[in-house]
Amino acid sequence: MRLNILIGGKAGQGINKISEIISKIITELGYFTFNYRDYQSLIRGGHNFNVISISDYKIGSVETKLDCIVALDEKTKKIHKKELKNNGFVIDSKNFESFGKNLNLALSGALLKILGIEKNYLLEKIKKEFQTKEALDAAEKGFDSQTKKFEFKKLNRKIYLMDGSEAIAQGAINSNIDLYLAYPMTPSTPLMAELAKRQEEKNLLVFEPEGEISVINTALGASFAGAKVMIGTSGGGFDLMVEAISFQGMTEIPLVLYLASRAGPSTGMPTYTSQADLNDALRAGHGEFPRVVIAPGDPLECIEKTNEAFYLSEKFGVLSIILSDKHLAESGFSFDKEPKKPLKIEIKRKVPGKGIIRTSSYEHDEFANTTEDAEMAKRNAECRLKKYEKIKKECQKFQMIKKYGNENAENLIISWGSNKTVILDALDEIDESVRNPKKGKWKFLHVLYLKPLSDEIKKEILKSKRVILIENNSTGQLGRLIREKTGISIKDRILKYDGRPFYLDELKNKILNLLNK
Amino acid sequence: MVIKNKKFSKCENIEDIVRKKLSTKNEITWCPGCENFLILEAVKRAILKIISEYEGYKLENLVIVSGIGCHQKIYDYLNLSGIYGLHGRVLPLSLGIKLGNPNLTVIGFAGDGDAYADGMEHFVHIGRFNPNMTYVVVDNRNFALTTGQSTPTSPKGFKSKIEPSGNVNDPINPIKIALASNISFVARAIPTDLNHLSEILEKAIKHRGFSFVEILMDCLVFAPDNLKNKKFYKVENRDIKKAFELAEEWNYEDTEGKIPIGVIYKKEKPILEEKIPQLKRLIEKNIGWCDLKKQ
């Protein structure tokens, strides 16, 4: 069974609270949920909505066709009614107006009753979080006002609930992060808030310098002095950091950079998603120097890959970029596995205070003294090239790509980042390729390491008859990278660039249409 | 340039050992006669004094940061830990070193183009944070290393290859900006009064909080008249109202004038390392993050 529920209203009406209550209770009962947040860049008013998908099997996407609309205002009904399935229903806030500011709690109650969930789960949650009698009253009356339509019996399995930002924070904490520096910018800020919330408990420091240029330079200073440092930003903020990215390449001070993409160019659509910053992550910065770019596709990978980013950065004195996007950063994922045991991150290099430690933005000798000597310049450039080869070798230890579906399938889908979970869902919808690999006609190659790029990709492409590239941008940036590294141009592409992630039914139809063309 | 000083003439005292340790064998590439030689000497003297006379300062805990410009060559001539950074980014790099290990003594060097043009966005915020560190701005009132273009402190009418008929813009007054930005130690000095300069640097390093020292100097090649016809007098002030008056005395434009040098303003206020508990704990344990045991 799978249900898609849209919860819509004005910013400030508490839409996220409804999603949160539903997701937490549903996952506690052993079911999977996926929560997509569609919101505008404003604090009060406008039209925001969440789509929450609920299922008894693993999911990582939402659909455009809705089973239920929870409408906190008239606008929500007007805009979304056409998305409702024939047997779909609306929970209208009109009937709950007397609850005032507790409207969202009353609606949570109503929805839970319809889903057939026992009242005590709701009351427990509300009591834990809200101390007022009015809140409890609203939830209970909301619950009692409805009749049950579905049944969600408790299943005996542990489901974890997390968004990408919380997962990156967990990965950083697993890596013993000391300092996180950032300047507020959507959609990277939820990570900053998450780490700030946990800083006392985990003994780390979150600091907000006066701008992105300061963020990265301050971070390099701190890392030089021996701290494990991560910085975070999005689009324009990343652009401001670029001079210092090149500076990192020269000084080889370890640094981890979290880049959460949003729809660009320029200010673009700050609260909407996009994968259009891959080129930027791969190439930003003048001169030639190595770096690592990793794009996790779900919270588990966020935890593990962030740890690998810290490991590589410290081991090789390299910049590790973790490339995410608004969809991964702010959507609620559920999963039933625990992350791998993290690698231990240790600072073995000498730091100031324990000897004379020097570094320089200028071409320099081994004592960091300035040089313009041709021979030394050549040698240093070759050292940077060799370092990249060493990094590439080390990365083989990790999963640089992941393969899903039928190993012998003729049809290959290639994608990266947050498209992962919707592709898995779509292939299962088509012919259960992921759930039941022997039966399916599809293979899916998810590229996790964008730099260095795995040599496996070429082999997989050459083995397949039909290759489809799926990306959330308008130019196919992974396609360009693959062409650059392998000489193979992928002609069949499914690209989306309207600031929204792929919806399950939409993607499934696009894949089938392309196949039948 | 040879600085003669009896105190350093013999080889057996501690200062001499430290001085030897402080120096490098790199060829000095400032123009002959440049006042940067004096600044290098003053910095060495201030460090020597602080290391040998005050508790809590260690040579291995000193970290220098430089920007880009003529001033930054000092990085190659001091055998200290440090970062030769980017133009305009001395302050964030220095702040970062303090965040990474608050027990380090950090001295940042920047030029006037460096500090007041590209770097101004950091300058007006650092007083807010107030890390315990020193910022030395070598102000020769032109971009000398790129062959003499005007900077924010160049006087109106300053001629260069790109402004052949002269700079048409008003200069800024960095002392006023520093005071308005809540910087807790503001001083000015000139290299030709070497003893005074090294005294001021010593006070700046010892100041608990962010200290800003502007060194006003000539550039022999591109701005030889910076200090011509100017009279200097020494001040030692702690009053903010008076400090603004002192800052007003010379507006970086007048070709003549009496210019106050010395400590223009000084006040004690909580330092960053005290305001943030995580950093305070590192200071109490006398370690950086890399030696902190977690869990």
# chains A, B, ... in the order shown; residues from 1 in each chain; ligands from 1
call {"tool": "closest_atom_pairs", "arguments": {"of": "chain B", "to": "chain A", "cutoff": "9 Å", "atoms": "only C-alpha atoms", "output": "CSV"}}
result
residue,atom,partner,partner_atom,distance
B:Asn26,CA,A:Asn369,CA,8.0
B:Lys58,CA,A:Gly353,CA,8.6
B:Leu59,CA,A:Gly353,CA,8.5
B:Glu60,CA,A:Gly353,CA,5.0
B:Asn61,CA,A:Gly353,CA,4.4
B:Leu62,CA,A:Gly353,CA,7.4
B:Val63,CA,A:Pro352,CA,7.1
B:Lys73,CA,A:Thr370,CA,8.8
B:Tyr75,CA,A:Asn369,CA,8.3
B:Asp76,CA,A:Asn369,CA,5.8
B:Asn79,CA,A:Ile356,CA,7.5
B:Leu80,CA,A:Ile356,CA,5.8
B:Ser81,CA,A:Ile357,CA,4.6
B:Gly82,CA,A:Arg358,CA,4.8
B:Ile83,CA,A:Thr359,CA,5.0
B:Tyr84,CA,A:Ser360,CA,4.3
B:Gly85,CA,A:Ser361,CA,5.5
B:Leu86,CA,A:Ser361,CA,6.6
B:Arg89,CA,A:Asn217,CA,6.8
B:Val90,CA,A:Asn217,CA,8.5
B:Leu91,CA,A:Thr218,CA,8.1
B:Pro92,CA,A:Thr218,CA,4.4
B:Leu93,CA,A:Gly221,CA,4.5
B:Ser94,CA,A:Gly221,CA,6.3
B:Leu95,CA,A:Thr218,CA,6.0
B:Gly96,CA,A:Thr218,CA,4.0
B:Ile97,CA,A:Ala222,CA,4.5
B:Lys98,CA,A:Ala222,CA,7.0
B:Leu99,CA,A:Ala222,CA,5.7
B:Gly100,CA,A:Ala222,CA,4.0
B:Asn101,CA,A:Ala225,CA,5.9
B:Asn103,CA,A:Gly353,CA,8.6
B:Leu104,CA,A:Gly353,CA,6.9
B:Glu121,CA,A:Glu210,CA,7.7
B:His122,CA,A:Glu210,CA,7.0
B:His125,CA,A:Glu210,CA,6.8
B:Ile126,CA,A:Glu210,CA,9.0
B:Ile276,CA,A:Leu205,CA,8.6
B:Gln278,CA,A:Leu205,CA,6.6
B:Leu279,CA,A:Leu205,CA,8.4
B:Gly288,CA,A:Gly226,CA,6.9
B:Trp289,CA,A:Ala227,CA,5.2
B:Cys290,CA,A:Gly226,CA,5.2
B:Asp291,CA,A:Gly226,CA,8.6
B:Lys294,CA,A:Asn203,CA,7.2
B:Gln295,CA,A:Lys202,CA,7.9
call {"tool": "select_by_dssp", "arguments": {"residues": "region 48-184 of chain B", "states": "strand (DSSP E or B)", "output": "PyMOL selection string"}}
result
chain B and resi 62-66+78+81-84+105-111+133-139+143+149
call {"tool": "residues_around", "arguments": {"residues": "Leu495 (chain A)", "least_positions_apart": "5", "cutoff": "9 Å", "atoms": "only C-alpha atoms", "output": "ChimeraX atom specification"}}
result
/A:469-476
call {"tool": "write_last_selection", "arguments": {"atoms": "N, CA, C and O atoms", "output": "tab-separated table (two decimals), in the first residue's frame"}}
result
chain	number	residue	atom	x	y	z
A	469	LEU	N	20.61	8.86	-19.32
A	469	LEU	CA	21.17	9.77	-18.31
A	469	LEU	C	20.03	10.55	-17.67
A	469	LEU	O	19.19	11.12	-18.38
A	470	ILE	N	20.00	10.58	-16.36
A	470	ILE	CA	18.95	11.33	-15.66
A	470	ILE	C	19.59	12.38	-14.76
A	470	ILE	O	20.42	12.05	-13.90
A	471	GLU	N	19.25	13.65	-14.97
A	471	GLU	CA	19.82	14.71	-14.14
A	471	GLU	C	18.81	15.81	-13.90
A	471	GLU	O	17.92	16.05	-14.72
A	472	ASN	N	19.00	16.50	-12.78
A	472	ASN	CA	18.13	17.62	-12.45
A	472	ASN	C	18.81	18.94	-12.85
A	472	ASN	O	19.13	19.79	-12.01
A	473	ASN	N	19.11	19.06	-14.15
A	473	ASN	CA	19.66	20.30	-14.70
A	473	ASN	C	19.36	20.30	-16.19
A	473	ASN	O	18.83	19.30	-16.71
A	474	SER	N	19.68	21.38	-16.88
A	474	SER	CA	19.24	21.49	-18.27
A	474	SER	C	20.32	21.12	-19.29
A	474	SER	O	20.05	21.06	-20.49
A	475	THR	N	21.57	20.88	-18.82
A	475	THR	CA	22.64	20.61	-19.77
A	475	THR	C	23.25	19.21	-19.64
A	475	THR	O	24.07	18.82	-20.47
A	476	GLY	N	22.86	18.48	-18.63
A	476	GLY	CA	23.42	17.14	-18.47
A	476	GLY	C	24.88	17.19	-18.05
A	476	GLY	O	25.77	16.75	-18.78
call {"tool": "atom_distance", "arguments": {"atom1": "CA of Glu256 (chain B)", "atom2": "CA of Asp139 (chain B)"}}
result
17.3 Å
call {"tool": "residues_around", "arguments": {"residues": "Leu72 (chain A)", "least_positions_apart": "2", "cutoff": "10 Å", "atoms": "only C-alpha atoms", "output": "list of chain:residue names"}}
result
A:Ile7, A:Gly8, A:Gly9, A:Lys10, A:Gln13, A:Gly14, A:Ile15, A:Phe49, A:Ile69, A:Val70, A:Glu74, A:Lys75, A:Thr76, A:Lys77, A:Ile91, A:Asp92, A:Ser93, A:Lys94, A:Phe96, A:Glu97, A:Leu103, A:Asn104, A:Leu107
call {"tool": "residues_around", "arguments": {"residues": "Val318 (chain A)", "least_positions_apart": "2", "cutoff": "8 Å", "atoms": "only C-alpha atoms", "output": "PDB file with N, CA, C and O atoms, in the first residue's frame"}}
result
ATOM      1  N   GLN A 248      43.528  26.967  -1.254  1.00  0.00           N
ATOM      2  CA  GLN A 248      43.624  25.643  -0.623  1.00  0.00           C
ATOM      3  C   GLN A 248      44.472  24.715  -1.482  1.00  0.00           C
ATOM      4  O   GLN A 248      45.303  23.976  -0.957  1.00  0.00           O
ATOM      5  N   GLY A 249      44.269  24.783  -2.799  1.00  0.00           N
ATOM      6  CA  GLY A 249      45.035  23.919  -3.703  1.00  0.00           C
ATOM      7  C   GLY A 249      46.534  24.141  -3.580  1.00  0.00           C
ATOM      8  O   GLY A 249      47.316  23.198  -3.677  1.00  0.00           O
ATOM      9  N   GLU A 252      47.474  23.300   0.489  1.00  0.00           N
ATOM     10  CA  GLU A 252      47.180  21.921   0.900  1.00  0.00           C
ATOM     11  C   GLU A 252      46.704  21.809   2.343  1.00  0.00           C
ATOM     12  O   GLU A 252      46.987  20.839   3.031  1.00  0.00           O
ATOM     13  N   ILE A 253      45.989  22.842   2.803  1.00  0.00           N
ATOM     14  CA  ILE A 253      45.387  22.788   4.142  1.00  0.00           C
ATOM     15  C   ILE A 253      44.077  21.990   4.022  1.00  0.00           C
ATOM     16  O   ILE A 253      43.241  22.308   3.190  1.00  0.00           O
ATOM     17  N   PRO A 254      43.905  20.939   4.849  1.00  0.00           N
ATOM     18  CA  PRO A 254      42.687  20.119   4.727  1.00  0.00           C
ATOM     19  C   PRO A 254      41.416  20.945   4.935  1.00  0.00           C
ATOM     20  O   PRO A 254      41.380  21.802   5.813  1.00  0.00           O
ATOM     21  N   LEU A 255      40.400  20.664   4.124  1.00  0.00           N
ATOM     22  CA  LEU A 255      39.132  21.372   4.282  1.00  0.00           C
ATOM     23  C   LEU A 255      38.001  20.558   3.660  1.00  0.00           C
ATOM     24  O   LEU A 255      38.156  19.998   2.578  1.00  0.00           O
ATOM     25  N   PRO A 290      44.438  19.278  -7.308  1.00  0.00           N
ATOM     26  CA  PRO A 290      43.482  18.195  -7.081  1.00  0.00           C
ATOM     27  C   PRO A 290      42.372  18.578  -6.115  1.00  0.00           C
ATOM     28  O   PRO A 290      42.527  19.497  -5.313  1.00  0.00           O
ATOM     29  N   ARG A 291      41.275  17.872  -6.182  1.00  0.00           N
ATOM     30  CA  ARG A 291      40.182  17.993  -5.212  1.00  0.00           C
ATOM     31  C   ARG A 291      39.350  16.724  -5.274  1.00  0.00           C
ATOM     32  O   ARG A 291      39.516  15.900  -6.173  1.00  0.00           O
ATOM     33  N   VAL A 292      38.436  16.605  -4.321  1.00  0.00           N
ATOM     34  CA  VAL A 292      37.514  15.469  -4.288  1.00  0.00           C
ATOM     35  C   VAL A 292      36.100  16.033  -4.308  1.00  0.00           C
ATOM     36  O   VAL A 292      35.814  16.999  -3.606  1.00  0.00           O
ATOM     37  N   LEU A 312      39.670  11.735   3.506  1.00  0.00           N
ATOM     38  CA  LEU A 312      40.509  12.045   2.340  1.00  0.00           C
ATOM     39  C   LEU A 312      41.142  13.432   2.494  1.00  0.00           C
ATOM     40  O   LEU A 312      42.318  13.647   2.180  1.00  0.00           O
ATOM     41  N   SER A 313      40.343  14.374   2.980  1.00  0.00           N
ATOM     42  CA  SER A 313      40.819  15.728   3.142  1.00  0.00           C
ATOM     43  C   SER A 313      42.023  15.775   4.089  1.00  0.00           C
ATOM     44  O   SER A 313      43.035  16.425   3.811  1.00  0.00           O
ATOM     45  N   GLU A 314      41.915  15.075   5.213  1.00  0.00           N
ATOM     46  CA  GLU A 314      43.008  15.103   6.195  1.00  0.00           C
ATOM     47  C   GLU A 314      44.209  14.293   5.702  1.00  0.00           C
ATOM     48  O   GLU A 314      45.346  14.706   5.848  1.00  0.00           O
ATOM     49  N   LYS A 315      43.936  13.170   5.078  1.00  0.00           N
ATOM     50  CA  LYS A 315      45.040  12.304   4.639  1.00  0.00           C
ATOM     51  C   LYS A 315      45.867  12.953   3.531  1.00  0.00           C
ATOM     52  O   LYS A 315      47.091  12.811   3.490  1.00  0.00           O
ATOM     53  N   PHE A 316      45.203  13.669   2.621  1.00  0.00           N
ATOM     54  CA  PHE A 316      45.924  14.183   1.456  1.00  0.00           C
ATOM     55  C   PHE A 316      46.068  15.707   1.437  1.00  0.00           C
ATOM     56  O   PHE A 316      46.623  16.261   0.496  1.00  0.00           O
ATOM     57  N   SER A 320      37.756  18.507   0.064  1.00  0.00           N
ATOM     58  CA  SER A 320      36.694  17.553  -0.240  1.00  0.00           C
ATOM     59  C   SER A 320      35.378  18.305  -0.295  1.00  0.00           C
ATOM     60  O   SER A 320      34.982  18.919   0.692  1.00  0.00           O
TER      61      SER A 320
END
call {"tool": "residues_around", "arguments": {"residues": "Leu216 (chain B)", "least_positions_apart": "2", "cutoff": "8 Å", "atoms": "only C-alpha atoms", "output": "list in words"}}
result
Val138, Asp139, Asn140, Arg188, Ala189, Ile190, Pro191, Glu214, Asp218 and Leu227 of chain B
call {"tool": "closest_residue", "arguments": {"among": "B:Thr192, B:Asn36, B:Ser52, B:Gln149", "to": "Glu15 (chain B)", "atoms": "only C-alpha atoms"}}
result
B:Ser52
call {"tool": "residues_around", "arguments": {"residues": "Asp144 (chain A)", "least_positions_apart": "5", "cutoff": "8 Å", "atoms": "only C-alpha atoms", "output": "VMD selection string"}}
result
chain A and resid 109 to 110 113
call {"tool": "write_last_selection", "arguments": {"atoms": "C-alpha atoms", "output": "mmCIF file, in the first residue's frame"}}
result
data_model
loop_
_atom_site.group_PDB
_atom_site.id
_atom_site.type_symbol
_atom_site.label_atom_id
_atom_site.label_comp_id
_atom_site.auth_asym_id
_atom_site.auth_seq_id
_atom_site.Cartn_x
_atom_site.Cartn_y
_atom_site.Cartn_z
ATOM 1 C CA GLY A 109 -5.354 14.214 14.748
ATOM 2 C CA ALA A 110 -7.919 14.025 11.974
ATOM 3 C CA LYS A 113 -7.687 8.785 12.671
#
call {"tool": "closest_residue", "arguments": {"among": "A:Asp365, A:Glu308, A:Glu330, A:Glu151", "to": "Thr271 (chain A)", "atoms": "only C-alpha atoms"}}
result
A:Glu330
call {"tool": "decode", "arguments": {"residues": "region 157-180 of chain B", "atoms": "C-alpha atoms", "output": "mmCIF file, in the first residue's frame"}}
result
data_model
loop_
_atom_site.group_PDB
_atom_site.id
_atom_site.type_symbol
_atom_site.label_atom_id
_atom_site.label_comp_id
_atom_site.auth_asym_id
_atom_site.auth_seq_id
_atom_site.Cartn_x
_atom_site.Cartn_y
_atom_site.Cartn_z
ATOM 1 C CA GLY B 157 45.503 64.313 -6.823
ATOM 2 C CA PHE B 158 47.800 61.278 -6.404
ATOM 3 C CA LYS B 159 49.167 60.507 -9.874
ATOM 4 C CA SER B 160 49.810 57.062 -11.280
ATOM 5 C CA LYS B 161 49.985 55.313 -14.640
ATOM 6 C CA ILE B 162 46.287 54.563 -14.520
ATOM 7 C CA GLU B 163 45.286 57.980 -13.169
ATOM 8 C CA PRO B 164 47.670 60.248 -15.082
ATOM 9 C CA SER B 165 45.797 63.404 -14.162
ATOM 10 C CA GLY B 166 45.512 62.368 -10.544
ATOM 11 C CA ASN B 167 43.180 60.511 -8.199
ATOM 12 C CA VAL B 168 39.882 62.406 -7.932
ATOM 13 C CA ASN B 169 38.545 60.625 -4.859
ATOM 14 C CA ASP B 170 38.687 61.414 -1.158
ATOM 15 C CA PRO B 171 40.801 59.144 1.020
ATOM 16 C CA ILE B 172 39.276 57.244 3.923
ATOM 17 C CA ASN B 173 40.436 57.619 7.509
ATOM 18 C CA PRO B 174 41.158 54.096 8.791
ATOM 19 C CA ILE B 175 41.689 55.279 12.369
ATOM 20 C CA LYS B 176 38.144 56.646 12.449
ATOM 21 C CA ILE B 177 36.803 53.451 10.914
ATOM 22 C CA ALA B 178 38.652 51.381 13.498
ATOM 23 C CA LEU B 179 37.205 53.457 16.337
ATOM 24 C CA ALA B 180 33.711 53.312 14.876
#
